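Source file protein_25.txt; content: compact mmCIF, C-alpha atoms.
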```txt
# COMPACT_ATOMS: atom_id res chain seq x y z
CA MET A 14 179.86 165.10 112.07
CA THR A 15 181.62 163.06 109.42
CA GLN A 16 183.45 161.08 112.10
CA ILE A 17 180.17 160.47 113.96
CA ALA A 18 178.50 159.30 110.77
CA GLN A 19 181.41 157.02 110.03
CA SER A 20 181.32 155.66 113.57
CA GLY A 21 177.59 155.13 113.31
CA GLY A 22 178.04 153.36 109.98
CA THR A 23 180.77 151.19 111.45
CA ALA A 24 178.58 150.32 114.44
CA ALA A 25 175.64 149.53 112.16
CA ALA A 26 177.82 147.36 109.96
CA GLY A 27 179.18 145.61 113.02
CA PHE A 28 175.66 145.04 114.34
CA ALA A 29 174.57 143.71 110.95
CA GLY A 30 177.59 141.44 110.84
CA ALA A 31 176.87 140.18 114.34
CA SER A 32 173.25 139.54 113.39
CA ALA A 33 174.37 137.65 110.30
CA ARG A 34 176.69 135.59 112.42
CA ARG A 35 173.92 134.80 114.89
CA LYS A 36 171.51 133.50 112.27
CA PRO A 37 173.35 130.23 111.62
CA ARG A 38 173.37 129.62 115.37
CA LEU A 39 169.61 130.03 115.48
CA ARG A 40 169.21 127.63 112.61
CA LYS A 41 171.59 125.20 114.26
CA SER A 42 169.81 125.33 117.62
CA PHE A 43 166.42 124.58 116.08
CA ASN A 44 166.51 121.97 113.33
CA PHE A 45 162.97 121.49 112.07
CA GLN A 46 163.90 118.36 110.09
CA SER A 47 165.36 116.68 113.18
CA VAL A 48 162.26 117.46 115.23
CA LEU A 49 160.01 116.21 112.42
CA GLY A 50 162.06 113.03 112.07
CA THR A 51 161.95 112.20 115.78
CA THR A 52 158.25 113.00 116.21
CA PRO A 53 157.07 109.41 115.42
CA MET A 54 159.54 108.00 117.94
CA ILE A 55 158.47 110.50 120.60
CA ALA A 56 154.79 109.79 119.94
CA THR A 57 155.43 106.04 120.15
CA ALA A 58 157.37 106.38 123.40
CA VAL A 59 154.68 108.54 124.98
CA GLY A 60 151.73 106.55 123.63
CA VAL A 61 153.02 103.02 124.03
CA PHE A 62 155.14 103.31 127.14
CA ILE A 63 153.98 106.17 129.33
CA ILE A 64 150.23 106.06 128.63
CA CYS A 65 150.08 102.25 128.62
CA ILE A 66 152.01 102.07 131.90
CA ILE A 67 149.62 104.56 133.51
CA PHE A 68 146.56 102.60 132.38
CA SER A 69 148.14 99.32 133.51
CA ILE A 70 148.58 100.73 137.00
CA ILE A 71 145.01 102.06 137.02
CA TRP A 72 143.54 98.72 135.89
CA SER A 73 145.48 96.88 138.59
CA PHE A 74 143.10 98.53 141.11
CA THR A 75 139.98 97.28 139.29
CA ASN A 76 138.16 93.98 138.96
CA SER A 77 138.74 93.85 135.18
CA LYS A 78 138.16 90.40 133.69
CA LEU A 79 137.91 89.87 129.93
CA PHE A 80 137.98 93.60 129.13
CA PRO A 81 139.41 96.45 131.22
CA ASN A 82 136.94 98.49 133.26
CA PHE A 83 137.07 101.15 135.93
CA ASN A 84 135.29 99.37 138.80
CA PHE A 85 137.85 100.12 141.49
CA ILE A 86 138.32 97.61 144.31
CA GLY A 87 141.36 99.09 146.06
CA TRP A 88 144.29 96.84 146.90
CA SER A 89 142.39 93.57 146.53
CA GLN A 90 144.30 92.45 143.43
CA TYR A 91 147.63 92.96 145.19
CA GLN A 92 146.47 91.13 148.31
CA ARG A 93 145.34 88.22 146.16
CA LEU A 94 148.59 88.36 144.19
CA TRP A 95 150.83 88.00 147.23
CA SER A 96 148.70 85.23 148.67
CA THR A 97 149.03 83.10 145.50
CA ASP A 98 151.65 80.35 145.65
CA ARG A 99 152.31 80.47 141.91
CA TRP A 100 153.24 84.15 142.07
CA ILE A 101 155.51 83.66 145.08
CA ILE A 102 157.26 80.76 143.35
CA SER A 103 157.64 82.95 140.24
CA VAL A 104 159.30 85.68 142.29
CA GLN A 105 161.65 83.17 143.91
CA ASN A 106 162.54 81.68 140.52
CA VAL A 107 163.27 85.05 138.93
CA ALA A 108 165.40 85.99 141.96
CA VAL A 109 167.55 82.86 141.58
CA PHE A 110 167.67 83.29 137.81
CA GLY A 111 168.62 86.96 138.19
CA VAL A 112 171.43 86.43 140.68
CA LEU A 113 173.01 83.63 138.66
CA SER A 114 172.51 85.34 135.29
CA ILE A 115 173.79 88.73 136.38
CA PHE A 116 176.77 87.37 138.30
CA GLY A 117 177.70 84.93 135.54
CA GLY A 118 177.13 87.48 132.79
CA MET A 119 179.27 90.15 134.46
CA VAL A 120 182.11 87.73 135.27
CA PHE A 121 182.26 85.96 131.90
CA GLY A 122 181.58 89.21 130.03
CA TYR A 123 184.56 90.86 131.71
CA LEU A 124 186.80 87.84 131.12
CA LEU A 125 185.90 87.83 127.43
CA ALA A 126 186.53 91.58 127.27
CA VAL A 127 189.98 91.08 128.81
CA PHE A 128 190.66 88.35 126.27
CA MET A 129 189.62 90.64 123.42
CA ASP A 130 191.71 93.50 124.86
CA GLN A 131 194.92 91.58 124.17
CA ARG A 132 194.84 92.84 120.55
CA ILE A 133 194.45 89.32 119.23
CA ARG A 134 194.38 88.49 115.56
CA GLN A 135 191.01 88.35 113.84
CA GLU A 136 189.49 90.43 116.64
CA ASP A 137 186.54 91.46 114.49
CA LEU A 138 185.75 87.81 113.77
CA PHE A 139 185.82 86.86 117.46
CA ARG A 140 183.71 89.87 118.37
CA SER A 141 181.11 88.84 115.80
CA ILE A 142 181.10 85.26 117.11
CA PHE A 143 180.56 86.41 120.70
CA LEU A 144 177.84 88.87 119.72
CA TYR A 145 176.04 86.49 117.36
CA PRO A 146 173.90 84.80 120.08
CA PHE A 147 172.56 88.18 121.19
CA ALA A 148 171.37 88.85 117.64
CA MET A 149 169.37 85.63 117.64
CA SER A 150 165.78 85.46 118.76
CA LEU A 151 165.35 84.25 122.33
CA VAL A 152 162.85 81.69 121.04
CA VAL A 153 165.47 80.25 118.69
CA THR A 154 168.04 80.29 121.49
CA GLY A 155 165.64 78.46 123.77
CA LEU A 156 164.87 75.81 121.16
CA VAL A 157 168.57 75.22 120.47
CA TRP A 158 169.33 74.69 124.16
CA GLN A 159 166.23 72.56 124.59
CA TRP A 160 167.57 70.20 121.92
CA MET A 161 171.02 70.24 123.50
CA PHE A 162 169.57 69.26 126.90
CA ASP A 163 167.20 66.68 125.45
CA PRO A 164 168.27 63.27 126.85
CA ASN A 165 167.46 61.54 123.54
CA LEU A 166 168.95 64.09 121.11
CA GLY A 167 171.46 66.32 122.86
CA ILE A 168 174.65 66.19 124.86
CA GLN A 169 173.67 63.21 127.00
CA SER A 170 172.87 61.08 123.95
CA ALA A 171 176.08 62.08 122.15
CA VAL A 172 178.30 61.26 125.13
CA ARG A 173 176.60 57.91 125.70
CA GLN A 174 177.18 56.98 122.06
CA MET A 175 180.88 57.55 122.67
CA GLY A 176 180.88 54.81 125.29
CA TRP A 177 180.02 56.53 128.58
CA THR A 178 176.64 54.86 128.96
CA SER A 179 176.11 56.06 132.55
CA PHE A 180 176.59 59.76 131.70
CA GLU A 181 173.62 61.97 132.63
CA PHE A 182 173.12 65.59 131.59
CA ALA A 183 169.48 66.52 131.06
CA PRO A 184 168.73 69.38 133.46
CA LEU A 185 165.41 70.36 131.92
CA VAL A 186 163.66 67.10 132.79
CA LYS A 187 164.12 67.51 136.55
CA GLN A 188 162.47 70.14 138.73
CA GLU A 189 165.62 70.53 140.82
CA THR A 190 167.86 71.45 137.86
CA ALA A 191 165.53 72.90 135.20
CA LEU A 192 166.09 76.50 136.31
CA TYR A 193 169.87 76.12 136.05
CA GLY A 194 169.48 74.86 132.49
CA VAL A 195 167.53 78.00 131.63
CA VAL A 196 170.29 80.09 133.23
CA LEU A 197 172.88 78.47 130.93
CA GLY A 198 170.80 79.30 127.87
CA GLY A 199 170.34 82.89 129.04
CA LEU A 200 174.05 83.32 129.70
CA TRP A 201 174.94 82.08 126.22
CA ASN A 202 172.53 84.57 124.72
CA GLY A 203 173.49 87.68 126.70
CA VAL A 204 177.15 87.43 127.65
CA GLY A 205 178.28 88.81 124.27
CA VAL A 206 176.68 92.24 124.68
CA THR A 207 178.13 92.48 128.20
CA MET A 208 181.53 91.69 126.70
CA ALA A 209 181.09 94.50 124.14
CA ILE A 210 180.19 97.04 126.84
CA MET A 211 183.09 95.97 129.04
CA LEU A 212 185.50 96.06 126.10
CA ALA A 213 184.45 99.63 125.33
CA GLY A 214 185.16 100.48 128.97
CA LEU A 215 188.59 98.85 128.80
CA ARG A 216 189.51 100.67 125.62
CA GLY A 217 188.52 103.95 127.28
CA VAL A 218 191.11 103.63 130.06
CA ASP A 219 194.03 106.03 129.68
CA SER A 220 197.17 104.34 128.36
CA GLU A 221 199.20 106.15 131.01
CA ILE A 222 197.53 103.96 133.64
CA TRP A 223 198.94 100.85 131.99
CA LYS A 224 202.39 102.42 131.70
CA ALA A 225 202.39 103.42 135.38
CA ALA A 226 201.29 99.92 136.41
CA LYS A 227 204.14 98.37 134.41
CA VAL A 228 206.65 100.78 135.91
CA ASP A 229 205.44 99.88 139.41
CA GLY A 230 205.78 96.19 138.59
CA ILE A 231 202.08 95.36 139.09
CA PRO A 232 201.14 92.06 137.41
CA THR A 233 198.76 92.33 134.47
CA TRP A 234 195.98 90.38 136.15
CA LYS A 235 196.12 92.64 139.22
CA THR A 236 196.02 95.70 136.98
CA TYR A 237 192.86 94.43 135.29
CA LEU A 238 191.24 93.47 138.59
CA PHE A 239 192.27 96.15 141.08
CA VAL A 240 193.23 99.16 138.95
CA VAL A 241 191.26 99.12 135.70
CA LEU A 242 188.02 97.51 136.87
CA PRO A 243 187.20 100.21 139.46
CA MET A 244 187.70 102.84 136.73
CA MET A 245 184.99 101.28 134.56
CA ARG A 246 182.03 102.28 136.73
CA GLY A 247 180.07 103.64 133.78
CA ALA A 248 180.43 100.49 131.69
CA ILE A 249 179.70 98.25 134.68
CA ALA A 250 176.57 100.23 135.59
CA THR A 251 175.30 100.10 132.00
CA ALA A 252 175.83 96.36 131.70
CA PHE A 253 174.30 95.75 135.11
CA ILE A 254 171.13 97.73 134.38
CA LEU A 255 170.68 96.06 130.98
CA GLN A 256 170.95 92.64 132.57
CA CYS A 257 168.56 93.54 135.39
CA THR A 258 165.87 94.74 132.98
CA GLY A 259 166.36 91.58 130.93
CA VAL A 260 165.91 89.41 134.01
CA VAL A 261 162.69 91.13 135.08
CA ARG A 262 161.02 90.60 131.70
CA VAL A 263 162.41 87.13 130.97
CA PHE A 264 159.75 85.18 129.09
CA ASP A 265 160.64 83.97 125.59
CA ILE A 266 163.56 81.73 126.45
CA VAL A 267 161.65 80.08 129.32
CA ILE A 268 158.63 79.37 127.13
CA ALA A 269 160.85 77.94 124.38
CA MET A 270 162.86 75.72 126.74
CA THR A 271 160.44 74.53 129.42
CA GLN A 272 157.01 76.20 129.08
CA GLY A 273 157.44 77.12 132.75
CA GLY A 274 157.86 73.48 133.84
CA PRO A 275 158.46 70.82 134.92
CA GLY A 276 155.58 71.74 137.23
CA VAL A 277 156.26 75.35 138.22
CA SER A 278 160.03 74.98 138.61
CA THR A 279 160.75 77.60 135.92
CA GLN A 280 157.62 79.72 136.30
CA MET A 281 158.43 83.44 135.90
CA PRO A 282 156.48 86.64 136.67
CA ALA A 283 156.11 87.48 132.98
CA ILE A 284 154.50 84.07 132.36
CA TYR A 285 152.14 84.72 135.27
CA VAL A 286 151.11 88.06 133.72
CA ILE A 287 150.49 86.64 130.24
CA GLN A 288 148.55 83.65 131.55
CA HIS A 289 146.19 85.80 133.63
CA ILE A 290 145.55 88.29 130.83
CA THR A 291 144.94 85.62 128.16
CA ASP A 292 144.20 82.12 129.46
CA ARG A 293 142.63 82.98 132.81
CA VAL A 294 140.85 86.14 131.59
CA ASN A 295 141.74 88.21 134.65
CA VAL A 296 143.11 91.52 133.40
CA GLY A 297 143.12 93.15 136.84
CA GLN A 298 145.28 90.41 138.36
CA GLY A 299 147.62 90.42 135.38
CA MET A 300 148.04 94.19 135.57
CA ALA A 301 148.77 93.98 139.30
CA ALA A 302 151.54 91.48 138.58
CA ALA A 303 152.84 93.65 135.72
CA THR A 304 152.94 96.67 138.05
CA MET A 305 154.98 94.68 140.56
CA MET A 306 157.40 93.79 137.76
CA LEU A 307 157.71 97.49 136.92
CA LEU A 308 158.77 98.51 140.43
CA PRO A 309 162.33 97.05 140.42
CA VAL A 310 162.97 98.56 136.99
CA MET A 311 161.89 102.00 138.23
CA VAL A 312 164.08 101.60 141.32
CA LEU A 313 167.10 100.76 139.17
CA ILE A 314 166.49 103.72 136.86
CA GLY A 315 166.07 106.01 139.88
CA LEU A 316 169.32 104.78 141.41
CA GLN A 317 171.13 105.31 138.13
CA TYR A 318 169.97 108.92 137.87
CA LEU A 319 170.76 109.50 141.54
CA VAL A 320 174.33 108.27 141.06
CA ARG A 321 174.77 110.46 137.97
CA TRP A 322 173.32 113.50 139.74
CA ASN A 323 175.65 112.95 142.68
CA ALA A 324 178.66 112.58 140.37
CA ASN A 325 177.76 115.77 138.45
CA ARG A 326 177.25 117.65 141.72
CA LYS A 327 180.69 116.61 142.97
CA ALA A 328 182.24 117.51 139.61
CA GLY A 329 180.58 120.94 139.79
CA ARG A 330 182.00 121.57 143.24
CA ALA A 331 185.46 120.57 142.05
```

Spit out the file's structure as structure tokens when you get a sec.
Amino acid sequence: MTQIAQSGGTAAAGFAGASARRKPRLRKSFNFQSVLGTTPMIATAVGVFIICIIFSIIWSFTNSKLFPNFNFIGWSQYQRLWSTDRWIISVQNVAVFGVLSIFGGMVFGYLLAVFMDQRIRQEDLFRSIFLYPFAMSLVVTGLVWQWMFDPNLGIQSAVRQMGWTSFEFAPLVKQETALYGVVLGGLWNGVGVTMAIMLAGLRGVDSEIWKAAKVDGIPTWKTYLFVVLPMMRGAIATAFILQCTGVVRVFDIVIAMTQGGPGVSTQMPAIYVIQHITDRVNVGQGMAAATMMLLPVMVLIGLQYLVRWNANRKAGRA
């Protein structure tokens, strides 16, 4: 009986000790302060993004003018949207802007990351210099590049004062070149953050890869291009998606540099949306255009999650 009592006491003590050990885990799994601190952010995300997106889609099927209403008219706003020349030109412009911006941003961002990966002196200073444009407002960036491209104040004027009186470089004053001037301003603003993402990807590559490449006699530039670059899929995907979302909603820098002109040569979908909601007092048409802008973003997000799900599924099988 004494042994049973001792065993029971030992078991009870062990159970009590196990319960005491479990309590910190319960506290750790549910942190009330963390939930309370993130509640405003969650409420903002749900209220501003999800609910507003839902109502924007709903209003795109109405004949809302000055104020939103619920007089549904089917697909009429979308039919009108895709029969409007200004909208079609806006889509063409953002397509050209997107291809050039994304391609240029990825290429120059990777080249800058490779340059920074050489363990140069004053690396922190160079990183700050490259990232500084991204920290600036897009309006300020646009104004700076507008002055630089101004034929009377900017690069063209400075070069002519040096003696080359026939030099011409004022892309914003011509319809044929205005969009390319906006692309240059956008590249200057966004290439730094792409460089930072790519540099993080480079620094995450195993050092044994570099040692093996040196042993095999592979030149450094081939290692960066054919060995390391394919291993940076995560960094490349992140930079690509960030640039795509930035292209879809491009607005500030265009307004600051060209106001959408000359003519409609730099008109963008975001400008079309704002003009119809404010100046033209056609909320339904503006919401239809905004919904069309949302579609490519949703497709990109869906593709990203699909790729991650596929990678996790393959890793689980392995």

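Between CA of Val152 (chain A) and CA of Ser69 (chain A) there is a distance of 26.1 Å.
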
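The shortest atom-to-atom distance to Gln92 (chain A), with all atoms listed in the file taken into account, belongs to A:Ser73 out of A:Gln159, A:Ser170, A:Ser73, A:Thr154.
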
Query raised in the report: Excluding same-chain residues fewer than 2 positions from Gly118 (chain A), what lies within 10 Å of it counting only C-alpha atoms, as an NGL selection string?
Result: :A and (112-116 or 120-124 or 199-208 or 252-253 or 256)

Report task. Show which residues sit within 12 Å of region 220-228 of chain A, as a PyMOL selection string. Count only C-alpha atoms, and ignore same-chain residues fewer than 2 positions away. Result -> chain A and resi 215-218+230-237+239-242+244

**Report entry** Given all atoms listed in the file as the counted atoms, nearest of A:Pro243, A:Gly273, A:Gly60, A:Gly155 to Gly198 (chain A)
**Finding:** A:Gly155

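With distances taken over all atoms listed in the file, A:Trp88 is the one residue among A:Thr57, A:Trp88, A:Tyr285, A:Arg134 lying closest to Trp72 (chain A).
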
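Note that the spacing between CA of Val310 (chain A) and CA of Gln188 (chain A) amounts to 28.5 Å.
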
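Separating CA of Phe182 (chain A) from CA of Asp163 (chain A) is a distance of 8.6 Å.
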
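If all atoms listed in the file are the atoms counted, then among A:Ala283, A:Met245, A:Val312, A:Ala302 the closest residue to Thr97 (chain A) is A:Ala302.
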
Query - Who sits within 7 Å of Asp265 (chain A), only C-alpha atoms, same chain under 3 positions skipped, as an NGL selection string - result: :A and (151-152 or 268-269)

Written file, previous selection with C-alpha atoms, as a JSON list (two decimals), in the coordinates of the input:
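To be explicit, this is the file written out as selection-v6.json:
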```json
[["chain", "number", "residue", "atom", "x", "y", "z"],
["A", 151, "LEU", "CA", 165.35, 84.25, 122.33],
["A", 152, "VAL", "CA", 162.85, 81.69, 121.04],
["A", 268, "ILE", "CA", 158.63, 79.37, 127.13],
["A", 269, "ALA", "CA", 160.85, 77.94, 124.38]]
```

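If you measure from each of A:Ile133, A:Val107, A:Leu308, A:Met300 to Pro282 (chain A) using all atoms listed in the file, the closest one turns out to be A:Val107.
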